[in-house]
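Participant: Structure file query.cif (mmCIF, C-alpha atoms; chains and numbers go by the auth columns) right here:
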```cif
data_input
loop_
_atom_site.group_PDB
_atom_site.id
_atom_site.type_symbol
_atom_site.label_atom_id
_atom_site.label_comp_id
_atom_site.label_asym_id
_atom_site.label_seq_id
_atom_site.Cartn_x
_atom_site.Cartn_y
_atom_site.Cartn_z
_atom_site.B_iso_or_equiv
_atom_site.auth_seq_id
_atom_site.auth_asym_id
ATOM 1 C CA MET A 1 -5.205 0.076 -37.440 0.00 1 A
ATOM 2 C CA GLN A 2 -3.226 -2.470 -35.450 0.00 2 A
ATOM 3 C CA HIS A 3 0.074 -3.028 -37.216 0.00 3 A
ATOM 4 C CA GLU A 4 0.837 -6.327 -35.501 0.00 4 A
ATOM 5 C CA VAL A 5 -1.568 -8.793 -37.087 0.00 5 A
ATOM 6 C CA LEU A 6 -2.425 -11.885 -35.083 0.00 6 A
ATOM 7 C CA SER A 7 -3.264 -14.469 -37.745 0.00 7 A
ATOM 8 C CA VAL A 8 -3.229 -18.119 -38.746 0.00 8 A
ATOM 9 C CA GLY A 9 -2.288 -19.781 -42.027 0.00 9 A
ATOM 10 C CA PRO A 10 -4.593 -21.836 -44.245 0.00 10 A
ATOM 11 C CA GLU A 11 -2.941 -25.064 -43.075 0.00 11 A
ATOM 12 C CA SER A 12 -3.140 -24.217 -39.376 0.00 12 A
ATOM 13 C CA THR A 13 -5.570 -26.405 -37.461 0.00 13 A
ATOM 14 C CA ALA A 14 -8.804 -25.319 -35.824 0.00 14 A
ATOM 15 C CA ALA A 15 -7.190 -26.224 -32.495 0.00 15 A
ATOM 16 C CA GLU A 16 -4.331 -23.779 -33.141 0.00 16 A
ATOM 17 C CA ALA A 17 -6.773 -21.005 -34.089 0.00 17 A
ATOM 18 C CA LEU A 18 -8.888 -21.596 -30.984 0.00 18 A
ATOM 19 C CA GLY A 19 -5.761 -21.546 -28.828 0.00 19 A
ATOM 20 C CA LEU A 20 -4.755 -18.133 -30.205 0.00 20 A
ATOM 21 C CA MET A 21 -8.272 -16.760 -29.780 0.00 21 A
ATOM 22 C CA ASP A 22 -8.382 -17.904 -26.179 0.00 22 A
ATOM 23 C CA GLU A 23 -4.887 -16.631 -25.346 0.00 23 A
ATOM 24 C CA HIS A 24 -5.439 -13.183 -26.868 0.00 24 A
ATOM 25 C CA ASN A 25 -9.178 -12.842 -26.219 0.00 25 A
ATOM 26 C CA ARG A 26 -10.121 -12.573 -29.906 0.00 26 A
ATOM 27 C CA ARG A 27 -13.301 -13.651 -31.682 0.00 27 A
ATOM 28 C CA VAL A 28 -11.994 -13.329 -35.242 0.00 28 A
ATOM 29 C CA LEU A 29 -8.623 -13.993 -36.894 0.00 29 A
ATOM 30 C CA PRO A 30 -7.505 -13.275 -40.463 0.00 30 A
ATOM 31 C CA VAL A 31 -6.161 -16.237 -42.439 0.00 31 A
ATOM 32 C CA LEU A 32 -3.002 -15.154 -44.275 0.00 32 A
ATOM 33 C CA ASP A 33 -1.055 -17.088 -46.887 0.00 33 A
ATOM 34 C CA ALA A 34 2.732 -17.058 -47.267 0.00 34 A
ATOM 35 C CA GLU A 35 2.576 -13.741 -49.185 0.00 35 A
ATOM 36 C CA LYS A 36 0.527 -12.116 -46.374 0.00 36 A
ATOM 37 C CA ARG A 37 -2.555 -11.978 -48.570 0.00 37 A
ATOM 38 C CA CYS A 38 -5.808 -12.535 -46.718 0.00 38 A
ATOM 39 C CA ARG A 39 -7.619 -15.729 -47.709 0.00 39 A
ATOM 40 C CA GLY A 40 -10.542 -15.110 -45.370 0.00 40 A
ATOM 41 C CA LEU A 41 -11.541 -14.769 -41.738 0.00 41 A
ATOM 42 C CA VAL A 42 -12.027 -17.481 -39.144 0.00 42 A
ATOM 43 C CA SER A 43 -14.458 -16.778 -36.338 0.00 43 A
ATOM 44 C CA LEU A 44 -15.042 -18.352 -32.971 0.00 44 A
ATOM 45 C CA PHE A 45 -18.704 -18.763 -33.926 0.00 45 A
ATOM 46 C CA LYS A 46 -18.030 -20.718 -37.113 0.00 46 A
ATOM 47 C CA VAL A 47 -15.391 -22.993 -35.571 0.00 47 A
ATOM 48 C CA SER A 48 -17.665 -23.711 -32.600 0.00 48 A
ATOM 49 C CA LYS A 49 -20.548 -24.510 -34.948 0.00 49 A
ATOM 50 C CA PHE A 50 -18.302 -26.956 -36.803 0.00 50 A
ATOM 51 C CA LEU A 51 -17.009 -28.646 -33.652 0.00 51 A
ATOM 52 C CA PHE A 52 -20.459 -28.880 -32.060 0.00 52 A
ATOM 53 C CA PRO A 53 -22.961 -29.648 -34.860 0.00 53 A
ATOM 54 C CA ALA A 54 -26.702 -29.336 -34.384 0.00 54 A
ATOM 55 C CA VAL A 55 -28.635 -32.309 -33.006 0.00 55 A
ATOM 56 C CA ASN A 56 -30.005 -33.174 -36.449 0.00 56 A
ATOM 57 C CA ARG A 57 -26.449 -33.415 -37.789 0.00 57 A
ATOM 58 C CA LEU A 58 -24.750 -35.463 -35.083 0.00 58 A
ATOM 59 C CA ILE A 59 -23.359 -37.824 -37.736 0.00 59 A
ATOM 60 C CA ASP A 60 -20.955 -34.973 -38.600 0.00 60 A
ATOM 61 C CA SER A 61 -19.382 -35.243 -35.150 0.00 61 A
ATOM 62 C CA ARG A 62 -17.759 -38.527 -36.234 0.00 62 A
ATOM 63 C CA ARG A 63 -16.239 -37.209 -39.440 0.00 63 A
ATOM 64 C CA VAL A 64 -12.636 -36.069 -39.197 0.00 64 A
ATOM 65 C CA LEU A 65 -11.003 -34.295 -42.154 0.00 65 A
ATOM 66 C CA SER A 66 -7.320 -34.313 -41.321 0.00 66 A
ATOM 67 C CA SER A 67 -3.972 -36.006 -41.728 0.00 67 A
ATOM 68 C CA VAL A 68 -2.568 -38.427 -39.173 0.00 68 A
ATOM 69 C CA LYS A 69 0.269 -35.962 -38.606 0.00 69 A
ATOM 70 C CA ASN A 70 -2.175 -33.165 -37.691 0.00 70 A
ATOM 71 C CA LEU A 71 -4.216 -35.545 -35.562 0.00 71 A
ATOM 72 C CA ALA A 72 -1.184 -36.431 -33.460 0.00 72 A
ATOM 73 C CA ALA A 73 -0.106 -32.772 -33.163 0.00 73 A
ATOM 74 C CA THR A 74 -3.585 -31.633 -32.088 0.00 74 A
ATOM 75 C CA LEU A 75 -3.718 -34.337 -29.443 0.00 75 A
ATOM 76 C CA GLY A 76 -0.270 -33.395 -28.165 0.00 76 A
ATOM 77 C CA GLY A 77 0.661 -36.995 -28.872 0.00 77 A
ATOM 78 C CA SER A 78 3.009 -38.800 -31.212 0.00 78 A
ATOM 79 C CA VAL A 79 2.949 -41.169 -34.165 0.00 79 A
ATOM 80 C CA ILE A 80 4.597 -44.320 -32.807 0.00 80 A
ATOM 81 C CA VAL A 81 4.104 -46.381 -35.960 0.00 81 A
ATOM 82 C CA PRO A 82 4.159 -44.108 -39.027 0.00 82 A
ATOM 83 C CA HIS A 83 2.716 -44.710 -42.482 0.00 83 A
ATOM 84 C CA GLU A 84 3.834 -43.135 -45.746 0.00 84 A
ATOM 85 C CA ASP A 85 0.501 -41.285 -46.125 0.00 85 A
ATOM 86 C CA ASP A 86 0.506 -39.714 -42.648 0.00 86 A
ATOM 87 C CA GLN A 87 0.917 -36.186 -44.038 0.00 87 A
ATOM 88 C CA GLN A 88 -1.880 -36.625 -46.558 0.00 88 A
ATOM 89 C CA GLU A 89 -5.241 -35.129 -45.638 0.00 89 A
ATOM 90 C CA GLN A 90 -8.173 -37.515 -45.861 0.00 90 A
ATOM 91 C CA GLU A 91 -11.691 -37.953 -44.557 0.00 91 A
ATOM 92 C CA LEU A 92 -11.733 -40.274 -41.571 0.00 92 A
ATOM 93 C CA ILE A 93 -14.563 -41.758 -39.535 0.00 93 A
ATOM 94 C CA LEU A 94 -14.103 -41.716 -35.783 0.00 94 A
ATOM 95 C CA MET A 95 -14.935 -44.913 -33.894 0.00 95 A
ATOM 96 C CA VAL A 96 -14.476 -45.376 -30.139 0.00 96 A
ATOM 97 C CA GLY A 97 -13.591 -48.930 -29.178 0.00 97 A
ATOM 98 C CA ALA A 98 -15.426 -48.975 -25.854 0.00 98 A
ATOM 99 C CA MET A 99 -17.720 -51.980 -26.441 0.00 99 A
ATOM 100 C CA GLY A 100 -17.071 -55.695 -26.207 0.00 100 A
ATOM 101 C CA LEU A 101 -14.941 -57.376 -28.843 0.00 101 A
ATOM 102 C CA ASP A 102 -17.866 -59.063 -30.638 0.00 102 A
ATOM 103 C CA SER A 103 -19.846 -55.822 -30.793 0.00 103 A
ATOM 104 C CA PHE A 104 -16.781 -53.975 -32.065 0.00 104 A
ATOM 105 C CA ALA A 105 -16.207 -56.604 -34.771 0.00 105 A
ATOM 106 C CA ARG A 106 -19.816 -56.221 -35.972 0.00 106 A
ATOM 107 C CA ARG A 107 -19.512 -52.430 -36.103 0.00 107 A
ATOM 108 C CA LEU A 108 -16.376 -52.683 -38.219 0.00 108 A
ATOM 109 C CA GLU A 109 -18.427 -54.345 -40.946 0.00 109 A
ATOM 110 C CA ASP A 110 -20.549 -51.209 -41.369 0.00 110 A
ATOM 111 C CA TYR A 111 -17.695 -48.966 -42.536 0.00 111 A
ATOM 112 C CA SER A 112 -14.889 -48.695 -45.064 0.00 112 A
ATOM 113 C CA LYS A 113 -12.050 -49.856 -42.835 0.00 113 A
ATOM 114 C CA GLU A 114 -9.421 -47.791 -44.637 0.00 114 A
ATOM 115 C CA LYS A 115 -11.260 -44.661 -43.419 0.00 115 A
ATOM 116 C CA LEU A 116 -11.583 -45.629 -39.758 0.00 116 A
ATOM 117 C CA ALA A 117 -9.754 -43.869 -36.919 0.00 117 A
ATOM 118 C CA VAL A 118 -10.228 -46.099 -33.882 0.00 118 A
ATOM 119 C CA VAL A 119 -9.844 -44.469 -30.457 0.00 119 A
ATOM 120 C CA VAL A 120 -9.189 -47.029 -27.737 0.00 120 A
ATOM 121 C CA GLY A 121 -7.556 -47.365 -24.313 0.00 121 A
ATOM 122 C CA ASP A 122 -5.853 -50.467 -22.918 0.00 122 A
ATOM 123 C CA ARG A 123 -8.127 -52.862 -24.788 0.00 123 A
ATOM 124 C CA TRP A 124 -5.399 -54.918 -26.431 0.00 124 A
ATOM 125 C CA ASP A 125 -7.983 -57.226 -28.041 0.00 125 A
ATOM 126 C CA VAL A 126 -9.742 -54.280 -29.711 0.00 126 A
ATOM 127 C CA GLN A 127 -6.422 -52.722 -30.762 0.00 127 A
ATOM 128 C CA ASN A 128 -5.250 -55.898 -32.439 0.00 128 A
ATOM 129 C CA LEU A 129 -8.570 -56.658 -34.127 0.00 129 A
ATOM 130 C CA ALA A 130 -8.657 -53.137 -35.593 0.00 130 A
ATOM 131 C CA ILE A 131 -5.108 -53.593 -36.883 0.00 131 A
ATOM 132 C CA ARG A 132 -5.836 -57.039 -38.349 0.00 132 A
ATOM 133 C CA GLU A 133 -8.841 -55.589 -40.161 0.00 133 A
ATOM 134 C CA GLY A 134 -6.667 -52.833 -41.674 0.00 134 A
ATOM 135 C CA VAL A 135 -8.178 -49.634 -40.262 0.00 135 A
ATOM 136 C CA ARG A 136 -6.423 -46.387 -41.200 0.00 136 A
ATOM 137 C CA VAL A 137 -5.203 -45.404 -37.733 0.00 137 A
ATOM 138 C CA VAL A 138 -5.451 -46.643 -34.151 0.00 138 A
ATOM 139 C CA ILE A 139 -5.216 -43.934 -31.476 0.00 139 A
ATOM 140 C CA VAL A 140 -4.225 -45.380 -28.101 0.00 140 A
ATOM 141 C CA THR A 141 -5.315 -43.107 -25.255 0.00 141 A
ATOM 142 C CA GLY A 142 -4.054 -42.340 -21.762 0.00 142 A
ATOM 143 C CA GLY A 143 -0.388 -42.289 -22.795 0.00 143 A
ATOM 144 C CA LEU A 144 -0.420 -46.073 -22.389 0.00 144 A
ATOM 145 C CA GLU A 145 2.490 -48.171 -23.562 0.00 145 A
ATOM 146 C CA VAL A 146 1.724 -50.189 -26.685 0.00 146 A
ATOM 147 C CA GLU A 147 3.010 -53.753 -26.728 0.00 147 A
ATOM 148 C CA PRO A 148 5.844 -54.494 -29.189 0.00 148 A
ATOM 149 C CA LYS A 149 3.787 -57.222 -30.899 0.00 149 A
ATOM 150 C CA THR A 150 0.987 -54.701 -31.497 0.00 150 A
ATOM 151 C CA ARG A 151 3.464 -52.255 -33.038 0.00 151 A
ATOM 152 C CA ASP A 152 4.851 -55.007 -35.261 0.00 152 A
ATOM 153 C CA ALA A 153 1.356 -55.960 -36.400 0.00 153 A
ATOM 154 C CA ALA A 154 0.600 -52.316 -37.240 0.00 154 A
ATOM 155 C CA ARG A 155 3.766 -52.087 -39.371 0.00 155 A
ATOM 156 C CA ARG A 156 2.867 -55.278 -41.250 0.00 156 A
ATOM 157 C CA ARG A 157 -0.704 -54.120 -41.934 0.00 157 A
ATOM 158 C CA LYS A 158 0.413 -50.530 -42.711 0.00 158 A
ATOM 159 C CA VAL A 159 -1.828 -49.130 -39.977 0.00 159 A
ATOM 160 C CA SER A 160 -0.674 -45.885 -38.357 0.00 160 A
ATOM 161 C CA LEU A 161 -0.455 -46.021 -34.568 0.00 161 A
ATOM 162 C CA VAL A 162 -0.821 -42.815 -32.553 0.00 162 A
ATOM 163 C CA SER A 163 -0.329 -42.318 -28.813 0.00 163 A
ATOM 164 C CA SER A 164 -2.571 -39.719 -27.110 0.00 164 A
ATOM 165 C CA PRO A 165 -1.836 -38.464 -23.573 0.00 165 A
ATOM 166 C CA HIS A 166 -5.541 -37.786 -22.952 0.00 166 A
ATOM 167 C CA ASP A 167 -8.342 -40.080 -21.854 0.00 167 A
ATOM 168 C CA THR A 168 -10.621 -41.550 -24.507 0.00 168 A
ATOM 169 C CA ALA A 169 -13.422 -38.976 -24.147 0.00 169 A
ATOM 170 C CA THR A 170 -11.040 -36.007 -24.423 0.00 170 A
ATOM 171 C CA THR A 171 -9.171 -37.589 -27.336 0.00 171 A
ATOM 172 C CA ALA A 172 -12.367 -38.167 -29.300 0.00 172 A
ATOM 173 C CA ALA A 173 -13.480 -34.577 -28.667 0.00 173 A
ATOM 174 C CA LEU A 174 -10.149 -33.122 -29.827 0.00 174 A
ATOM 175 C CA CYS A 175 -9.857 -35.114 -33.051 0.00 175 A
ATOM 176 C CA ARG A 176 -12.221 -32.931 -35.094 0.00 176 A
ATOM 177 C CA ALA A 177 -10.236 -29.829 -34.132 0.00 177 A
ATOM 178 C CA SER A 178 -7.335 -31.151 -36.243 0.00 178 A
ATOM 179 C CA ILE A 179 -9.047 -29.935 -39.447 0.00 179 A
ATOM 180 C CA ALA A 180 -7.107 -27.373 -41.526 0.00 180 A
ATOM 181 C CA ILE A 181 -8.536 -23.894 -41.052 0.00 181 A
ATOM 182 C CA ARG A 182 -8.985 -23.400 -44.816 0.00 182 A
ATOM 183 C CA HIS A 183 -12.011 -25.689 -44.575 0.00 183 A
ATOM 184 C CA VAL A 184 -13.837 -23.539 -42.014 0.00 184 A
ATOM 185 C CA LEU A 185 -12.851 -19.983 -42.914 0.00 185 A
ATOM 186 C CA ASN A 186 -15.260 -17.369 -44.243 0.00 186 A
ATOM 187 C CA GLU A 187 -14.055 -16.350 -47.688 0.00 187 A
ATOM 188 C CA ASN A 188 -16.392 -13.329 -47.749 0.00 188 A
ATOM 189 C CA PHE A 189 -14.854 -10.370 -45.943 0.00 189 A
ATOM 190 C CA LEU A 190 -14.392 -6.618 -46.226 0.00 190 A
ATOM 191 C CA ALA A 191 -10.869 -5.231 -46.554 0.00 191 A
ATOM 192 C CA PHE A 192 -9.658 -1.627 -46.600 0.00 192 A
ATOM 193 C CA ASN A 193 -6.729 -0.055 -48.374 0.00 193 A
ATOM 194 C CA GLY A 194 -4.250 1.551 -45.991 0.00 194 A
ATOM 195 C CA ASP A 195 -4.689 4.947 -47.713 0.00 195 A
ATOM 196 C CA MET A 196 -8.465 5.038 -47.233 0.00 196 A
ATOM 197 C CA ALA A 197 -9.723 7.851 -45.017 0.00 197 A
ATOM 198 C CA LEU A 198 -10.864 6.637 -41.600 0.00 198 A
ATOM 199 C CA ARG A 199 -14.147 8.465 -42.129 0.00 199 A
ATOM 200 C CA GLU A 200 -14.927 6.332 -45.183 0.00 200 A
ATOM 201 C CA ALA A 201 -13.740 3.087 -43.561 0.00 201 A
ATOM 202 C CA ARG A 202 -15.850 3.760 -40.471 0.00 202 A
ATOM 203 C CA GLU A 203 -18.986 4.231 -42.568 0.00 203 A
ATOM 204 C CA LEU A 204 -18.421 0.958 -44.439 0.00 204 A
ATOM 205 C CA ALA A 205 -17.544 -0.951 -41.268 0.00 205 A
ATOM 206 C CA THR A 206 -20.549 0.298 -39.335 0.00 206 A
ATOM 207 C CA HIS A 207 -22.979 -0.971 -41.957 0.00 207 A
ATOM 208 C CA SER A 208 -21.290 -4.343 -42.462 0.00 208 A
ATOM 209 C CA GLY A 209 -21.836 -7.566 -40.562 0.00 209 A
ATOM 210 C CA PHE A 210 -18.111 -8.135 -40.016 0.00 210 A
ATOM 211 C CA LEU A 211 -16.197 -7.554 -36.787 0.00 211 A
ATOM 212 C CA ALA A 212 -12.692 -7.268 -38.230 0.00 212 A
ATOM 213 C CA PHE A 213 -11.260 -5.815 -41.440 0.00 213 A
ATOM 214 C CA PRO A 214 -7.860 -6.602 -42.986 0.00 214 A
ATOM 215 C CA VAL A 215 -5.967 -3.504 -44.157 0.00 215 A
ATOM 216 C CA THR A 216 -3.938 -4.006 -47.327 0.00 216 A
ATOM 217 C CA ASP A 217 -1.087 -2.217 -49.069 0.00 217 A
ATOM 218 C CA GLY A 218 -0.779 -1.487 -52.773 0.00 218 A
ATOM 219 C CA GLU A 219 0.306 -5.063 -53.487 0.00 219 A
ATOM 220 C CA GLY A 220 -2.670 -6.605 -51.728 0.00 220 A
ATOM 221 C CA ARG A 221 -0.595 -7.752 -48.750 0.00 221 A
ATOM 222 C CA THR A 222 -2.093 -7.442 -45.285 0.00 222 A
ATOM 223 C CA SER A 223 -0.357 -4.672 -43.374 0.00 223 A
ATOM 224 C CA GLY A 224 -2.739 -4.330 -40.443 0.00 224 A
ATOM 225 C CA ILE A 225 -6.138 -5.101 -38.973 0.00 225 A
ATOM 226 C CA LEU A 226 -9.018 -2.801 -38.111 0.00 226 A
ATOM 227 C CA THR A 227 -11.908 -3.779 -35.821 0.00 227 A
ATOM 228 C CA LYS A 228 -15.269 -2.191 -35.096 0.00 228 A
ATOM 229 C CA THR A 229 -14.311 -1.494 -31.504 0.00 229 A
#
```
Have the structure of the file written as structure tokens, please.

Facilitator:
Amino acid sequence: MQHEVLSVGPESTAAEALGLMDEHNRRVLPVLDAEKRCRGLVSLFKVSKFLFPAVNRLIDSRRVLSSVKNLAATLGGSVIVPHEDDQQEQELILMVGAMGLDSFARRLEDYSKEKLAVVVGDRWDVQNLAIREGVRVVIVTGGLEVEPKTRDAARRRKVSLVSSPHDTATTAALCRASIAIRHVLNENFLAFNGDMALREARELATHSGFLAFPVTDGEGRTSGILTKT
């Protein structure tokens, strides 16, 4: 087995897991809790399927299950006007403010405003309308400076304000990757005890559909990882 286990925690984001997979050329990572017990496996296939839903489920591409804190971290941005619930995970609906002000105002009426995450560039009129209407968070793209009066309005309306260094298209694409990995892991997996004979482990692994297998000690803690290759 490999003694050095490359892993993520349940609260790590999908973006963090994908970054590790890309850096180390892995397709599967174990998800370990604070006691090093395996909670499941996260695979490149399952994360990709989540981030890029099938055509008949495109509505899912606008749902973001995350906290404002994780959103900002995934974007490599910052929370410039914080809110007391920024660390609390919640289901958000992504809306890109790329249309005219009247069209944007009409679209706002179709959703619960306290769930909206509005992604917008230097459209100060759209920014301020979203804040006046009390959306959950406004994400300003392109690393653009936000006017002091807009920040003040966000504080008064208790709307979180996030700055993203990316353009609007990239920001919108990255938002869904801020989900905690515990929501997309596979809880069904095959683990081996460290004292099991390799002959027996090989037989079980060969006939399973898994690519990687956590190896545990007598206390159930993960002490290594075994792969089919």

Participant: Starting from the PyMOL selection byres ((chain A and resi 187) around 12), expand the selection into actual residues of this file and give them as a PyMOL selection string.

Facilitator: chain A and resi 10+30-32+38-43+181-186+188-191+210

Participant: As a check of understanding, name the residues that the PyMOL selection byres ((chain A and resi 111-121) around 8) selects in the supplied structure, as an MDAnalysis selection string.

Facilitator: chainID A and resid 91:98 107:110 122:123 126:127 130 133:142 144 167:168 171:172

Participant: In Å to one decimal, how far is CA of Phe104 (chain A) from CA of Gly76 (chain A)?

Facilitator: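 Going from CA of Gly76 (chain A) over to CA of Phe104 (chain A), I get 26.7 Å.
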
Participant: To verify the selection step, state as a PyMOL selection string which residues the PyMOL selection byres ((chain A and resi 68-73) around 6) yields on this input.

Facilitator: chain A and resi 67+74-78+86-87+178

Participant: Which residue, A:Ile225, A:Ala197, A:Ala173, A:Val146, has the smallest gap to Phe52 (chain A) when you use all atoms listed in the file?

Facilitator: A:Ala173
